[in-house]
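These notes are about the structure you will find just below.
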Amino acid sequence: MMREPLIFVGTCDLAGLVRGKGFPASELPRRLKKGVGLTHSNIMMSPFGPIYDTPFGTEGDLMLVPDPSTRVEVEFDDSAAERFYLADIMTTDEQHWECCPRHFLRRALAALNELDKATGLTLLAAFEQEFVYTGVEDRPGATYALDAYRRQGDFGESYMAALRAAGLTPDSFLPEYGARQYEVTIEPARGLRAADEAVIQREMARAVAHRLGHRAIFAPILDPAGVGNGTHIHFSLRDGADRPVFFDPARPYRLSPVGEHFVAGILHHLPLLTAVTAPSAVSYYRLRPNRWAPTWANIAVQDRGASIRVCPIFADGGAAEFNVEYRVADAAASPYLALGALVWAGVDGIRQRRSLPARPERNFWDMSEAEREAAGIRPLPRSLDEALDGLAASSAAREWFGDTFFDVYLRFKRAELKVIDGLSEAATCARYTEIY
């Protein structure tokens with residue numbers, strides 16, 4: 001049977017899903033300039049598929065224009081190759097559309113760069129992603145076990161090869177804490193590329209699992225009584241000469257002044273950030289006590305229960321290795337929106353010269369809830385609805401998004417919540433597990 005190669009071009013949208021269109025590979029030169037057509041309401045496609053609510057109606061035209069730097073072409077034996085590009089949503093007069101998730105991050109990075117006109121600031125980031133692989137049987141004692149590593153068969157090695165063929169640099173592959181759960185990390189990348197690679201990383205897992213007859217499930221949690229899948233974002237700052245500027249071993253939390261301001265901005269805005277970084281109903285089933293997931297808006301050194309974790313430096317890694325980890329995120333979020341929100345909050349922290357609180361005199365986990373609140377440590381939202389209310393009340397977040405995109409995002413997420421209203425937690429988990 002004859003076949004003609006096809007190429008897909010898409011964006012990771014408000015639902016955290018890659019959607020777009022395909023075209024014959026022979027048309028690529030033209031499509032790199034003009035992209036493929038899109039309507040404004042395409043951005044309102046829910047995780048479940050239908051457009052439940054849209055301010056745009058049926059009118060208008062946009063272009064989904066591929067970025068050549070995001071080209072992915074990965075061959076698979078006895079199967080069609082993965083050929084796709086990630087794209088910007090543009091207007092028909094070739095301007096970035098105000099509701100484009102990728103451009104949301106690009107604008108944040110530009111704002112960060114402009115803070116220091118002498119040298120500029122850039123972001124170095126990597127996404128640490130957890131998922132459930134259905135091609136392995138759950139057995140007692142499999143947590144971090146060589147047995148669980150062994151029984152995934154060809155998946156891990158095929159996945160590493162696919163990541164490398166897609167232009168990424170794999171760092172680790174391991175069995176995780178949950179049932180049939182694995183984690184993959186990649187080397188950090190700069191700026192927009194970090195989010196592009198997070199999208200590609202997810203899609204390569206799905207692509208490899210699909211060709212093996214299984215699924216890689218990135219849903220935030222599959223069982224309300226189980227262990228969740230987190231997407232932890234590691235980040236630091238570099239100057240225009242690519243020198244690390246985050247680290248100062250003599251200061252609290254080992255953060256330089258600019259590092260402290262940046263992280264303090266994230267901590268200040270953290271409860272409302274969850275509406276963007278943990279943006280599904282089931283995200284908040286994961287963010288519950290005793291699940292190795294954050295429940296308070298706090299910062300701590302080398303504590304995986306904290307929302308913001310100051311990471312260790314191993315051996316002689318030094319300033320270049322030093323980074324901070326944001327742990328209140330999952331794969332229901334578009335990496336462009338999640339990383340963009342962190343950068344915008346960090347930019348605010350630098351502009352306002354925000355500072356971090358002193359480290360608590362007592363161990364955080366020995367403190368009562370009343371003691372934590374008395375120390376100014378706030379609980380995270382307990383639901384997406386609560387998080388959206390916090391986001392809606394933020395004039396700063398409205399400025400980050402812009403009026404139109406801000407209202408679009410809130411409308412989109414509230415429509416999503418209406419669809420699952422009345423479902424049990426188990427049924428809600430099942431809905432998201434089918435999708436992610």
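Chain labels run A, B, ... following the order of the structure tokens; each chain numbers its residues from 1, and ligands are numbered from 1 in the order shown.
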
I need the residues in region 82-268 of chain A that are strand (DSSP E) according to DSSP; give them as a compact mmCIF listing (two decimals) with C-alpha atoms, in the first residue's frame.
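Once written, out-v9.txt looks like this:
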```txt
# COMPACT_ATOMS: atom_id res chain seq x y z
CA GLU A 82 5.78 10.96 14.31
CA ARG A 83 6.05 14.17 12.30
CA PHE A 84 4.86 17.34 13.90
CA TYR A 85 5.64 20.96 14.66
CA LEU A 86 4.55 23.12 17.56
CA ALA A 87 3.04 26.40 16.55
CA ASP A 88 2.06 29.95 17.38
CA ILE A 89 -1.48 31.13 16.86
CA MET A 90 -1.31 34.16 14.58
CA THR A 91 -3.84 36.59 13.17
CA LEU A 121 17.91 37.72 32.21
CA THR A 122 16.96 34.36 30.77
CA LEU A 123 15.23 31.36 32.28
CA LEU A 124 16.72 27.88 32.41
CA ALA A 125 14.05 25.26 33.15
CA ALA A 126 13.18 21.58 32.95
CA PHE A 127 9.98 19.62 33.54
CA GLU A 128 10.09 16.46 35.65
CA GLN A 129 7.03 14.46 34.56
CA GLU A 130 5.28 11.47 36.12
CA PHE A 131 2.86 9.15 34.32
CA VAL A 132 1.28 5.72 34.53
CA TYR A 133 2.31 3.14 31.92
CA PRO A 170 17.14 12.48 28.32
CA ASP A 171 18.38 12.61 31.90
CA SER A 172 16.64 9.81 33.83
CA PHE A 173 13.96 7.12 33.63
CA LEU A 174 12.72 5.44 36.80
CA PRO A 175 9.87 3.54 38.42
CA GLN A 181 4.05 4.90 37.71
CA TYR A 182 7.23 6.09 36.02
CA GLU A 183 9.08 9.37 35.85
CA VAL A 184 11.22 10.87 33.11
CA THR A 185 13.45 13.90 33.28
CA ILE A 186 15.30 15.74 30.54
CA ALA A 189 16.58 24.23 28.25
CA ARG A 190 16.37 27.98 27.91
CA ALA A 216 1.15 6.61 28.98
CA ILE A 217 -1.40 8.34 31.23
CA THR A 231 4.81 17.75 36.80
CA HIS A 232 7.59 19.43 38.77
CA ILE A 233 9.19 22.50 37.20
CA HIS A 234 12.87 23.15 37.95
CA PHE A 235 14.17 26.62 37.16
CA SER A 236 17.00 29.10 37.61
CA LEU A 237 18.12 32.35 35.99
CA ARG A 238 21.07 33.20 33.75
CA ASP A 239 22.35 36.55 32.55
```

Can you list, as an NGL selection string, every residue of region 68-208 of chain A that DSSP puts in alpha helix (DSSP H)?
:A and (101-113 or 146-151 or 155-165 or 192-208)

Fewer than 4 positions away in the same chain doesn't count, so skip those; otherwise give me all residues within 8 Å of region 354-356 of chain A, counting only C-alpha atoms, as a list of chain:residue names.
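The residues satisfying every condition are A:Glu260, A:His261, A:Phe262, A:Val263, A:Ala264, A:Gly265, A:Gly349, A:Ile350.
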
Could you write those residues out with all heavy atoms, as a tab-separated table (two decimals), in the first residue's frame?
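Printed below is again37.tsv as written:
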```tsv
chain	number	residue	atom	x	y	z
A	260	GLU	N	16.18	35.59	45.09
A	260	GLU	CA	15.19	35.71	46.16
A	260	GLU	C	13.96	36.48	45.70
A	260	GLU	O	12.83	36.07	45.96
A	260	GLU	CB	15.79	36.40	47.38
A	260	GLU	CG	14.75	36.59	48.49
A	260	GLU	CD	15.30	37.23	49.75
A	260	GLU	OE1	16.50	37.54	49.80
A	260	GLU	OE2	14.51	37.41	50.69
A	261	HIS	N	14.16	37.59	45.02
A	261	HIS	CA	13.02	38.38	44.54
A	261	HIS	C	12.15	37.55	43.60
A	261	HIS	O	10.91	37.58	43.69
A	261	HIS	CB	13.51	39.64	43.80
A	261	HIS	CG	14.27	40.61	44.66
A	261	HIS	ND1	13.98	40.81	45.99
A	261	HIS	CD2	15.31	41.43	44.36
A	261	HIS	CE1	14.81	41.73	46.48
A	261	HIS	NE2	15.63	42.11	45.52
A	262	PHE	N	12.79	36.81	42.69
A	262	PHE	CA	12.04	36.01	41.71
A	262	PHE	C	11.21	34.94	42.41
A	262	PHE	O	10.01	34.79	42.16
A	262	PHE	CB	13.03	35.38	40.73
A	262	PHE	CG	12.39	34.70	39.55
A	262	PHE	CD1	12.06	35.42	38.42
A	262	PHE	CD2	12.13	33.34	39.56
A	262	PHE	CE1	11.48	34.80	37.31
A	262	PHE	CE2	11.55	32.71	38.48
A	262	PHE	CZ	11.22	33.45	37.34
A	263	VAL	N	11.85	34.20	43.32
A	263	VAL	CA	11.14	33.13	44.02
A	263	VAL	C	10.10	33.70	44.97
A	263	VAL	O	9.00	33.14	45.11
A	263	VAL	CB	12.14	32.22	44.76
A	263	VAL	CG1	11.41	31.18	45.60
A	263	VAL	CG2	13.07	31.53	43.77
A	264	ALA	N	10.38	34.83	45.60
A	264	ALA	CA	9.41	35.46	46.50
A	264	ALA	C	8.17	35.90	45.74
A	264	ALA	O	7.05	35.86	46.28
A	264	ALA	CB	10.04	36.65	47.21
A	265	GLY	N	8.33	36.31	44.49
A	265	GLY	CA	7.17	36.65	43.68
A	265	GLY	C	6.29	35.44	43.43
A	265	GLY	O	5.05	35.53	43.50
A	349	GLY	N	7.95	39.72	41.39
A	349	GLY	CA	8.79	39.70	42.58
A	349	GLY	C	10.03	40.57	42.44
A	349	GLY	O	10.43	41.26	43.39
A	350	ILE	N	10.64	40.54	41.25
A	350	ILE	CA	11.83	41.38	41.02
A	350	ILE	C	11.44	42.85	40.97
A	350	ILE	O	12.11	43.70	41.57
A	350	ILE	CB	12.55	40.94	39.72
A	350	ILE	CG1	13.09	39.51	39.87
A	350	ILE	CG2	13.68	41.91	39.39
A	350	ILE	CD1	13.68	38.93	38.59
```

Residue nearest Ser280 (chain A) among A:Thr54, A:Thr143, A:Ser158, A:Thr433 (counting only C-alpha atoms):
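Going through A:Thr54, A:Thr143, A:Ser158, A:Thr433 one by one, the smallest distance to Ser280 (chain A) is for A:Thr433.
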
Thr70 (chain A) surroundings by only C-alpha atoms, 9 Å radius, close-in-sequence under 2 positions cut, as a list in words:
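Everything that qualifies: Pro66, Asp67, Pro68, Val72, Phe84, Tyr85, Leu86, Ala87, Ala166, Gly167, Arg193, Asp196, Glu197 and Ile200 of chain A.
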
For the interface of region 294-395 of chain A with region 27-48 of chain A (cut-off 12 Å, counting only C-alpha atoms), please tabulate each contacting residue of region 294-395 of chain A alongside its nearest pair of atoms and their separation in Å to one decimal, rows sorted by chain and increasing number, as a tab-separated table.
```
residue	atom	partner	partner_atom	distance
A:Ala331	CA	A:Pro47	CA	11.9
A:Ala332	CA	A:Pro47	CA	8.7
A:Ala333	CA	A:Pro47	CA	10.8
A:Ser334	CA	A:Pro47	CA	11.6
```

Determine, counting only C-alpha atoms, which protein, DNA and RNA residues have an atom within 10 Å of an atom of Ala110 (chain A); residues of the same chain fewer than 3 positions away are not included. Present the result as a ChimeraX atom specification.
/A:105-107,113-115,120-122,191,343

Keeping N, CA and C atoms, export the residues of the selection given above as a PDB file, in the first residue's frame.
```pdb
ATOM      1  N   LEU A 105       3.795  32.778  27.295  1.00  0.00           N
ATOM      2  CA  LEU A 105       5.121  32.531  27.849  1.00  0.00           C
ATOM      3  C   LEU A 105       6.145  33.453  27.201  1.00  0.00           C
ATOM      4  N   ARG A 106       6.071  33.636  25.906  1.00  0.00           N
ATOM      5  CA  ARG A 106       7.045  34.495  25.220  1.00  0.00           C
ATOM      6  C   ARG A 106       7.015  35.917  25.787  1.00  0.00           C
ATOM      7  N   ARG A 107       5.844  36.442  26.040  1.00  0.00           N
ATOM      8  CA  ARG A 107       5.734  37.792  26.600  1.00  0.00           C
ATOM      9  C   ARG A 107       6.330  37.849  28.008  1.00  0.00           C
ATOM     10  N   ASN A 113      13.562  39.476  30.550  1.00  0.00           N
ATOM     11  CA  ASN A 113      14.782  39.938  29.901  1.00  0.00           C
ATOM     12  C   ASN A 113      14.961  41.445  30.035  1.00  0.00           C
ATOM     13  N   GLU A 114      13.856  42.169  29.997  1.00  0.00           N
ATOM     14  CA  GLU A 114      13.922  43.632  30.037  1.00  0.00           C
ATOM     15  C   GLU A 114      14.197  44.190  31.426  1.00  0.00           C
ATOM     16  N   LEU A 115      14.140  43.344  32.451  1.00  0.00           N
ATOM     17  CA  LEU A 115      14.384  43.826  33.811  1.00  0.00           C
ATOM     18  C   LEU A 115      15.818  44.288  34.012  1.00  0.00           C
ATOM     19  N   GLY A 120      20.415  41.514  30.529  1.00  0.00           N
ATOM     20  CA  GLY A 120      19.257  40.671  30.268  1.00  0.00           C
ATOM     21  C   GLY A 120      19.228  39.475  31.200  1.00  0.00           C
ATOM     22  N   LEU A 121      18.055  38.936  31.407  1.00  0.00           N
ATOM     23  CA  LEU A 121      17.906  37.724  32.213  1.00  0.00           C
ATOM     24  C   LEU A 121      17.176  36.685  31.382  1.00  0.00           C
ATOM     25  N   THR A 122      17.628  35.459  31.454  1.00  0.00           N
ATOM     26  CA  THR A 122      16.960  34.363  30.766  1.00  0.00           C
ATOM     27  C   THR A 122      16.641  33.266  31.777  1.00  0.00           C
ATOM     28  N   GLY A 191      14.404  29.310  28.150  1.00  0.00           N
ATOM     29  CA  GLY A 191      13.260  30.078  27.682  1.00  0.00           C
ATOM     30  C   GLY A 191      12.130  29.245  27.122  1.00  0.00           C
ATOM     31  N   VAL A 343       6.922  32.653  35.492  1.00  0.00           N
ATOM     32  CA  VAL A 343       7.811  33.744  35.102  1.00  0.00           C
ATOM     33  C   VAL A 343       7.170  35.097  35.397  1.00  0.00           C
TER      34      VAL A 343
END
```

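Each of A:Val245, A:Leu62, A:Ala392, A:Ala281 was checked against Ile420 (chain A) using only C-alpha atoms; the smallest atom-to-atom distance is that of A:Ala281.
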
I'd like the contact shell of His269 (chain A) - 10 Å cut-off, only C-alpha atoms, skipping same-chain residues fewer than 2 positions apart - returned as a ChimeraX atom specification.
/A:264-267,271-274,297,341-342,344-346,348-349,390-391,394,396-397

Long-range neighbours of Asp407 (chain A) as a ChimeraX atom specification, 12 Å cut-off, only C-alpha atoms, 2 positions minimum in chain
/A:44,54-56,98-99,388,391-393,397-405,409-414

Among the residues A:Gly156, A:Leu212, A:Arg362, A:Leu168, the one that comes closest to Pro188 (chain A) [using only C-alpha atoms]:
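Nearest candidate to Pro188 (chain A) out of A:Gly156, A:Leu212, A:Arg362, A:Leu168: A:Leu168.
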
Selected residue, from A:Met204, A:Cys429, A:Ala241, A:Leu192, that lies nearest to Gly228 (chain A) when counting only C-alpha atoms
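Of all the options, A:Cys429 lies closest to Gly228 (chain A).
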